[in-house]
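Asks: This structure is in structure tokens; I'll ask about it shortly.
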Amino acid sequence: MKNEDMMRSRFGLEHCEVDEERSKEECIKDNLDIIIQNSANERSRYQYYINNLFDNGTVAVVDAVSAGTLGKYFLEATDRCGCLLCMVISNVPDYSVCDEIDCMAYMGEDSKYLPKLSVHKYVGGLEGVLTSDAPMFIRFSENGEEYGGQS
């Protein structure tokens with residue numbers, strides 16, 4: 001991916017040339033206000049999109065191995081009630097937020113630093129096999145529909 005394509009797909013910057021004389025960091029600093037505004041617009045559109053996918057009931061977020069961050073921030077971003085379901089809770093000190101949300105694990109807790117379970121040791125490979133290789137959407141239209149901007 002070219003630097004200009006990355007600036008467009010990740011930050012919504014249509015005309016940000018990056019070359020040997022102008023680094024990505026300089027381009028980002030020069031366009032910080034635009035990036036923040038694009039981010040606020042995208043968040044609003046995403047909330048509209050995600051809130052129209054579900055009825056007003058409880059939402060369950062599913063992950064393989066989790067410290068709870070996916071569930072917590074999804075539920076915060078969508079202002080929903082729900083829980084996190086995962087195979088293993090990753091009990092990482094000062095990082096795990098499972099105690100802040102309703103979190104249930106099929107295989108219990110494990111520590112990233114002292115893993116007992118093979119699923120935790122090999123989660124990178126496991127998620128690579130179990131998750132889609134299709135690009136994720138990153139942009140939404142005014143009416144909350146997906147459009148372009150694939151990364």
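Residues in the structure tokens are named by chain (A, B, ... in the order shown) and by number from 1 within that chain; ligands are numbered from 1 in the order shown.
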Name the residues in contact with segment 48-65 of chain A at a cut-off of 9 Å, using only C-alpha atoms, excluding same-chain residues fewer than 3 positions from it; report them as a PyMOL selection string.

Replies: chain A and resi 43-45+68+70-71+74-75+78-90+105+119-120+123+126-127+140+142-146

Asks: As a PyMOL selection string, please: every residue in chain A that DSSP puts in strand (DSSP E or B).

Replies: chain A and resi 59-66+82-90+102-105+109-110+140+146

Asks: Which residues are close to segment 34-41 of chain A, i.e. within 8 Å by only C-alpha atoms, leaving aside same-chain residues fewer than 6 positions away? Reply as an MDAnalysis selection string.

Replies: chainID A and resid 11:13 28

Asks: Next, the residues of the selection above should be written as a JSON list (two decimals), in the first residue's frame with all heavy atoms.

Replies:
[["chain", "number", "residue", "atom", "x", "y", "z"],
["A", 11, "PHE", "N", -6.97, 7.79, 7.64],
["A", 11, "PHE", "CA", -7.25, 9.10, 8.23],
["A", 11, "PHE", "C", -8.21, 9.96, 7.42],
["A", 11, "PHE", "O", -8.56, 11.06, 7.84],
["A", 11, "PHE", "CB", -5.94, 9.88, 8.44],
["A", 11, "PHE", "CG", -4.96, 9.18, 9.34],
["A", 11, "PHE", "CD1", -3.77, 8.69, 8.84],
["A", 11, "PHE", "CD2", -5.24, 9.00, 10.68],
["A", 11, "PHE", "CE1", -2.86, 8.04, 9.66],
["A", 11, "PHE", "CE2", -4.34, 8.35, 11.51],
["A", 11, "PHE", "CZ", -3.15, 7.87, 11.00],
["A", 12, "GLY", "N", -8.60, 9.50, 6.23],
["A", 12, "GLY", "CA", -9.51, 10.27, 5.40],
["A", 12, "GLY", "C", -8.86, 11.48, 4.76],
["A", 12, "GLY", "O", -9.53, 12.42, 4.36],
["A", 13, "LEU", "N", -7.53, 11.47, 4.64],
["A", 13, "LEU", "CA", -6.81, 12.58, 4.04],
["A", 13, "LEU", "C", -6.68, 12.34, 2.54],
["A", 13, "LEU", "O", -5.97, 11.43, 2.12],
["A", 13, "LEU", "CB", -5.42, 12.74, 4.67],
["A", 13, "LEU", "CG", -5.40, 13.04, 6.16],
["A", 13, "LEU", "CD1", -3.97, 13.09, 6.67],
["A", 13, "LEU", "CD2", -6.13, 14.34, 6.47],
["A", 28, "ILE", "N", 0.55, 13.89, 9.30],
["A", 28, "ILE", "CA", -0.46, 13.75, 10.36],
["A", 28, "ILE", "C", -0.52, 15.02, 11.21],
["A", 28, "ILE", "O", -1.60, 15.54, 11.49],
["A", 28, "ILE", "CB", -0.18, 12.49, 11.20],
["A", 28, "ILE", "CG1", -0.44, 11.24, 10.37],
["A", 28, "ILE", "CG2", -1.02, 12.50, 12.48],
["A", 28, "ILE", "CD1", 0.06, 9.96, 10.99]]

Asks: What is the distance between atom CA of Glu76 of chain A and atom CA of Tyr95 of chain A, in Å to one decimal?

Replies: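 It comes out at 16.9 Å.
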
Asks: Write out as a count of residues only all residues of segment 3-148 of chain A that DSSP puts in alpha helix (DSSP H) for this structure's backbone.

Replies: 58

Asks: To one decimal place in Å, what is the distance between atom CA of Gly128 of chain A and atom CA of Cys98 of chain A?

Replies: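 Separation between atom CA of Gly128 of chain A and atom CA of Cys98 of chain A: 23.4 Å.
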
Asks: Could you tell me how far atom CA of Met104 of chain A lies from atom CA of Ala77 of chain A, in Å and to one decimal?

Replies: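 Distance between the two atoms: 20.4 Å.
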